[in-house]
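What's in coords.pdb: PDB, N, CA and C atoms
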```pdb
ATOM      1  N   MET K  16     -28.737   7.241  -8.097
ATOM      2  CA  MET K  16     -27.594   7.459  -8.954
ATOM      3  C   MET K  16     -27.445   8.947  -9.302
ATOM      4  N   LYS K  17     -28.582   9.622  -9.497
ATOM      5  CA  LYS K  17     -28.526  11.044  -9.827
ATOM      6  C   LYS K  17     -27.929  11.853  -8.679
ATOM      7  N   LYS K  18     -28.226  11.450  -7.442
ATOM      8  CA  LYS K  18     -27.687  12.163  -6.285
ATOM      9  C   LYS K  18     -26.166  12.063  -6.244
ATOM     10  N   ILE K  19     -25.628  10.900  -6.584
ATOM     11  CA  ILE K  19     -24.177  10.705  -6.582
ATOM     12  C   ILE K  19     -23.515  11.575  -7.640
ATOM     13  N   ILE K  20     -24.117  11.636  -8.816
ATOM     14  CA  ILE K  20     -23.567  12.463  -9.894
ATOM     15  C   ILE K  20     -23.594  13.935  -9.512
ATOM     16  N   VAL K  21     -24.707  14.392  -8.951
ATOM     17  CA  VAL K  21     -24.824  15.790  -8.532
ATOM     18  C   VAL K  21     -23.816  16.100  -7.427
ATOM     19  N   LEU K  22     -23.695  15.206  -6.457
ATOM     20  CA  LEU K  22     -22.736  15.402  -5.368
ATOM     21  C   LEU K  22     -21.303  15.465  -5.901
ATOM     22  N   PHE K  23     -20.963  14.581  -6.830
ATOM     23  CA  PHE K  23     -19.624  14.601  -7.430
ATOM     24  C   PHE K  23     -19.384  15.910  -8.167
ATOM     25  N   PHE K  24     -20.373  16.390  -8.923
ATOM     26  CA  PHE K  24     -20.239  17.640  -9.656
ATOM     27  C   PHE K  24     -20.024  18.822  -8.709
ATOM     28  N   VAL K  25     -20.788  18.890  -7.638
ATOM     29  CA  VAL K  25     -20.645  19.970  -6.654
ATOM     30  C   VAL K  25     -19.253  19.914  -6.023
ATOM     31  N   PHE K  26     -18.804  18.720  -5.661
ATOM     32  CA  PHE K  26     -17.473  18.563  -5.075
ATOM     33  C   PHE K  26     -16.392  19.015  -6.051
ATOM     34  N   ALA K  27     -16.508  18.655  -7.322
ATOM     35  CA  ALA K  27     -15.519  19.041  -8.326
ATOM     36  C   ALA K  27     -15.474  20.559  -8.510
ATOM     37  N   VAL K  28     -16.626  21.196  -8.552
ATOM     38  CA  VAL K  28     -16.672  22.652  -8.720
ATOM     39  C   VAL K  28     -16.053  23.355  -7.514
ATOM     40  N   LEU K  29     -16.399  22.905  -6.306
ATOM     41  CA  LEU K  29     -15.840  23.529  -5.109
ATOM     42  C   LEU K  29     -14.333  23.296  -5.014
ATOM     43  N   SER K  30     -13.859  22.131  -5.407
ATOM     44  CA  SER K  30     -12.426  21.846  -5.379
ATOM     45  C   SER K  30     -11.675  22.733  -6.357
ATOM     46  N   ALA K  31     -12.222  22.921  -7.544
ATOM     47  CA  ALA K  31     -11.575  23.770  -8.538
ATOM     48  C   ALA K  31     -11.522  25.219  -8.068
ATOM     49  N   ALA K  32     -12.592  25.710  -7.453
ATOM     50  CA  ALA K  32     -12.613  27.078  -6.943
ATOM     51  C   ALA K  32     -11.603  27.243  -5.816
ATOM     52  N   ASN K  33     -11.479  26.242  -4.952
ATOM     53  CA  ASN K  33     -10.534  26.297  -3.849
ATOM     54  C   ASN K  33      -9.106  26.282  -4.379
ATOM     55  N   ALA K  34      -8.809  25.469  -5.377
ATOM     56  CA  ALA K  34      -7.463  25.409  -5.943
ATOM     57  C   ALA K  34      -7.086  26.743  -6.576
ATOM     58  N   LYS K  35      -8.019  27.373  -7.254
ATOM     59  CA  LYS K  35      -7.750  28.670  -7.869
ATOM     60  C   LYS K  35      -7.470  29.728  -6.807
ATOM     61  N   ALA K  36      -8.212  29.706  -5.720
ATOM     62  CA  ALA K  36      -8.013  30.687  -4.654
ATOM     63  C   ALA K  36      -6.670  30.504  -3.974
ATOM     64  N   GLN K  37      -6.210  29.269  -3.813
ATOM     65  CA  GLN K  37      -4.944  29.018  -3.132
ATOM     66  C   GLN K  37      -3.743  29.320  -4.015
ATOM     67  N   ASN K  38      -3.891  29.270  -5.336
ATOM     68  CA  ASN K  38      -2.778  29.514  -6.241
ATOM     69  C   ASN K  38      -2.648  30.975  -6.636
ATOM     70  N   SER K  39      -3.491  31.822  -6.125
ATOM     71  CA  SER K  39      -3.456  33.233  -6.480
ATOM     72  C   SER K  39      -2.218  33.889  -5.880
ATOM     73  N   THR K  40      -1.379  34.489  -6.740
ATOM     74  CA  THR K  40      -0.175  35.160  -6.258
ATOM     75  C   THR K  40      -0.337  36.668  -6.226
ATOM     76  N   SER K  41      -1.439  37.187  -6.767
ATOM     77  CA  SER K  41      -1.635  38.633  -6.767
ATOM     78  C   SER K  41      -1.962  39.159  -5.379
ATOM     79  N   ASN K  42      -2.545  38.344  -4.527
ATOM     80  CA  ASN K  42      -2.871  38.749  -3.173
ATOM     81  C   ASN K  42      -1.825  38.159  -2.231
ATOM     82  N   SER K  43      -0.994  38.982  -1.640
ATOM     83  CA  SER K  43       0.117  38.477  -0.839
ATOM     84  C   SER K  43      -0.236  38.306   0.635
ATOM     85  N   SER K  44      -1.508  38.433   1.000
ATOM     86  CA  SER K  44      -1.882  38.266   2.396
ATOM     87  C   SER K  44      -1.756  36.798   2.799
ATOM     88  N   THR K  45      -1.363  36.575   4.041
ATOM     89  CA  THR K  45      -1.227  35.217   4.555
ATOM     90  C   THR K  45      -2.185  35.052   5.723
ATOM     91  N   TYR K  46      -2.524  33.811   6.003
ATOM     92  CA  TYR K  46      -3.425  33.554   7.117
ATOM     93  C   TYR K  46      -2.624  33.129   8.332
ATOM     94  N   THR K  47      -3.153  33.366   9.520
ATOM     95  CA  THR K  47      -2.505  32.919  10.754
ATOM     96  C   THR K  47      -3.334  31.870  11.470
ATOM     97  N   THR K  48      -4.634  31.809  11.219
ATOM     98  CA  THR K  48      -5.500  30.830  11.858
ATOM     99  C   THR K  48      -6.464  30.259  10.822
ATOM    100  N   ALA K  49      -6.666  28.939  10.883
ATOM    101  CA  ALA K  49      -7.590  28.281   9.963
ATOM    102  C   ALA K  49      -8.422  27.264  10.736
ATOM    103  N   ILE K  50      -9.640  27.034  10.273
ATOM    104  CA  ILE K  50     -10.509  26.043  10.879
ATOM    105  C   ILE K  50     -11.035  25.140   9.767
ATOM    106  N   GLY K  51     -11.191  23.852  10.078
ATOM    107  CA  GLY K  51     -11.682  22.902   9.098
ATOM    108  C   GLY K  51     -12.716  21.984   9.709
ATOM    109  N   VAL K  52     -13.535  21.380   8.856
ATOM    110  CA  VAL K  52     -14.600  20.479   9.296
ATOM    111  C   VAL K  52     -14.528  19.206   8.456
ATOM    112  N   LYS K  53     -14.683  18.061   9.107
ATOM    113  CA  LYS K  53     -14.729  16.767   8.432
ATOM    114  C   LYS K  53     -16.076  16.139   8.758
ATOM    115  N   PHE K  54     -16.661  15.442   7.788
ATOM    116  CA  PHE K  54     -18.020  14.952   7.971
ATOM    117  C   PHE K  54     -18.125  13.536   8.521
ATOM    118  N   TYR K  55     -17.270  12.579   8.108
ATOM    119  CA  TYR K  55     -17.391  11.235   8.673
ATOM    120  C   TYR K  55     -16.023  10.605   8.832
ATOM    121  N   PRO K  56     -15.569  10.255  10.003
ATOM    122  CA  PRO K  56     -16.199  10.576  11.272
ATOM    123  C   PRO K  56     -16.154  12.078  11.502
ATOM    124  N   THR K  57     -17.122  12.593  12.199
ATOM    125  CA  THR K  57     -17.230  14.032  12.414
ATOM    126  C   THR K  57     -15.997  14.546  13.130
ATOM    127  N   GLY K  58     -15.444  15.627  12.614
ATOM    128  CA  GLY K  58     -14.253  16.174  13.234
ATOM    129  C   GLY K  58     -14.085  17.644  12.929
ATOM    130  N   VAL K  59     -13.304  18.308  13.745
ATOM    131  CA  VAL K  59     -12.963  19.707  13.538
ATOM    132  C   VAL K  59     -11.463  19.875  13.735
ATOM    133  N   THR K  60     -10.877  20.809  13.013
ATOM    134  CA  THR K  60      -9.461  21.111  13.171
ATOM    135  C   THR K  60      -9.296  22.617  13.330
ATOM    136  N   LEU K  61      -8.293  22.992  14.065
ATOM    137  CA  LEU K  61      -7.938  24.393  14.247
ATOM    138  C   LEU K  61      -6.424  24.491  14.166
ATOM    139  N   LYS K  62      -5.920  25.328  13.263
ATOM    140  CA  LYS K  62      -4.487  25.492  13.065
ATOM    141  C   LYS K  62      -4.143  26.963  13.226
ATOM    142  N   HIS K  63      -3.075  27.223  13.981
ATOM    143  CA  HIS K  63      -2.651  28.595  14.229
ATOM    144  C   HIS K  63      -1.132  28.681  14.093
ATOM    145  N   PHE K  64      -0.657  29.630  13.271
ATOM    146  CA  PHE K  64       0.774  29.856  13.117
ATOM    147  C   PHE K  64       1.242  30.807  14.212
ATOM    148  N   VAL K  65       2.215  30.351  15.017
ATOM    149  CA  VAL K  65       2.770  31.198  16.069
ATOM    150  C   VAL K  65       3.972  31.971  15.560
ATOM    151  N   SER K  66       4.573  31.524  14.472
ATOM    152  CA  SER K  66       5.630  32.241  13.759
ATOM    153  C   SER K  66       5.533  31.805  12.298
ATOM    154  N   PRO K  67       6.292  32.427  11.398
ATOM    155  CA  PRO K  67       6.150  32.058   9.976
ATOM    156  C   PRO K  67       6.400  30.581   9.661
ATOM    157  N   LYS K  68       7.215  29.891  10.466
ATOM    158  CA  LYS K  68       7.521  28.491  10.181
ATOM    159  C   LYS K  68       7.059  27.521  11.263
ATOM    160  N   ILE K  69       6.374  28.014  12.282
ATOM    161  CA  ILE K  69       5.924  27.157  13.385
ATOM    162  C   ILE K  69       4.416  27.299  13.545
ATOM    163  N   ALA K  70       3.739  26.148  13.603
ATOM    164  CA  ALA K  70       2.287  26.150  13.761
ATOM    165  C   ALA K  70       1.882  25.121  14.809
ATOM    166  N   ILE K  71       0.761  25.384  15.474
ATOM    167  CA  ILE K  71       0.157  24.411  16.378
ATOM    168  C   ILE K  71      -1.216  24.060  15.798
ATOM    169  N   GLU K  72      -1.624  22.804  15.987
ATOM    170  CA  GLU K  72      -2.886  22.359  15.422
ATOM    171  C   GLU K  72      -3.583  21.426  16.398
ATOM    172  N   GLY K  73      -4.881  21.592  16.528
ATOM    173  CA  GLY K  73      -5.704  20.706  17.336
ATOM    174  C   GLY K  73      -6.744  20.041  16.460
ATOM    175  N   ILE K  74      -6.902  18.722  16.642
ATOM    176  CA  ILE K  74      -7.849  17.951  15.849
ATOM    177  C   ILE K  74      -8.760  17.198  16.806
ATOM    178  N   GLY K  75     -10.059  17.289  16.616
ATOM    179  CA  GLY K  75     -11.019  16.561  17.436
ATOM    180  C   GLY K  75     -11.939  15.723  16.572
ATOM    181  N   TYR K  76     -11.998  14.417  16.838
ATOM    182  CA  TYR K  76     -12.897  13.503  16.124
ATOM    183  C   TYR K  76     -13.985  13.021  17.066
ATOM    184  N   PHE K  77     -15.182  12.918  16.560
ATOM    185  CA  PHE K  77     -16.320  12.445  17.332
ATOM    186  C   PHE K  77     -17.038  11.388  16.494
ATOM    187  N   TYR K  78     -17.127  10.156  17.005
ATOM    188  CA  TYR K  78     -17.762   9.080  16.264
ATOM    189  C   TYR K  78     -18.479   8.143  17.225
ATOM    190  N   ASN K  79     -19.078   7.082  16.712
ATOM    191  CA  ASN K  79     -19.928   6.190  17.509
ATOM    192  C   ASN K  79     -19.213   5.576  18.712
ATOM    193  N   TYR K  80     -17.932   5.296  18.600
ATOM    194  CA  TYR K  80     -17.210   4.571  19.642
ATOM    195  C   TYR K  80     -16.451   5.477  20.604
ATOM    196  N   GLY K  81     -16.585   6.773  20.461
ATOM    197  CA  GLY K  81     -15.919   7.662  21.401
ATOM    198  C   GLY K  81     -15.433   8.944  20.755
ATOM    199  N   THR K  82     -14.434   9.526  21.393
ATOM    200  CA  THR K  82     -13.872  10.808  20.974
ATOM    201  C   THR K  82     -12.358  10.695  20.944
ATOM    202  N   ARG K  83     -11.739  11.389  20.014
ATOM    203  CA  ARG K  83     -10.280  11.407  19.943
ATOM    204  C   ARG K  83      -9.824  12.845  19.762
ATOM    205  N   LEU K  84      -8.902  13.289  20.588
ATOM    206  CA  LEU K  84      -8.315  14.619  20.497
ATOM    207  C   LEU K  84      -6.827  14.476  20.186
ATOM    208  N   THR K  85      -6.334  15.273  19.253
ATOM    209  CA  THR K  85      -4.935  15.222  18.856
ATOM    210  C   THR K  85      -4.375  16.638  18.834
ATOM    211  N   GLY K  86      -3.174  16.812  19.343
ATOM    212  CA  GLY K  86      -2.479  18.080  19.288
ATOM    213  C   GLY K  86      -1.190  17.926  18.507
ATOM    214  N   LEU K  87      -0.917  18.841  17.609
ATOM    215  CA  LEU K  87       0.292  18.801  16.777
ATOM    216  C   LEU K  87       1.067  20.100  16.926
ATOM    217  N   TYR K  88       2.383  19.991  16.863
ATOM    218  CA  TYR K  88       3.251  21.158  16.922
ATOM    219  C   TYR K  88       4.137  21.148  15.708
TER
END
```

Structure encoded using structure tokens:
Amino acid sequence: MKKIIVLFFVFAVLSAANAKAQNSTSNSSTYTTAIGVKFYPTGVTLKHFVSPKIAIEGIGYFYNYGTRLTGLY
């Protein structure tokens, strides 16, 4: 039970820090490429903006029953 409480607390702190970083308007820099990781089922994402309003994204999932690849435009 203690592990669940600690894990929830860590998740809450990281989420709050991430929300604060994304809402910052003093820094006007924008990103063009982002990468993400998912833990279960294991997956990775890669997103790249080719213009200010157009992005391409690739998602790869890896789990017990196989692999799934997805491309988004």

Would you kindly return, as a list in words, each protein, DNA or RNA residue with an atom no farther than 8 Å from any atom of region 69-78 of chain K, considering only C-alpha atoms and excluding same-chain residues fewer than 4 positions away?
-> Tyr55, Pro56, Thr57, Gly58, Val59, Thr60, Leu61, Lys62, His63, Phe64, Val65, Thr82, Arg83, Leu84, Thr85, Gly86, Leu87 and Tyr88 of chain K

Atom C of Lys17 (chain K) to CA of Phe54 (chain K), straight-line distance in Å | 19.6 Å

Any idea what the distance is between atom N of Lys68 (chain K) and atom C of Thr48 (chain K)?
->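 Spanning atom N of Lys68 (chain K) to atom C of Thr48 (chain K) is a straight-line distance of 13.7 Å.
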
As a check of understanding: the span from CA of Ser66 (chain K) to CA of Thr45 (chain K) is 11.9 Å
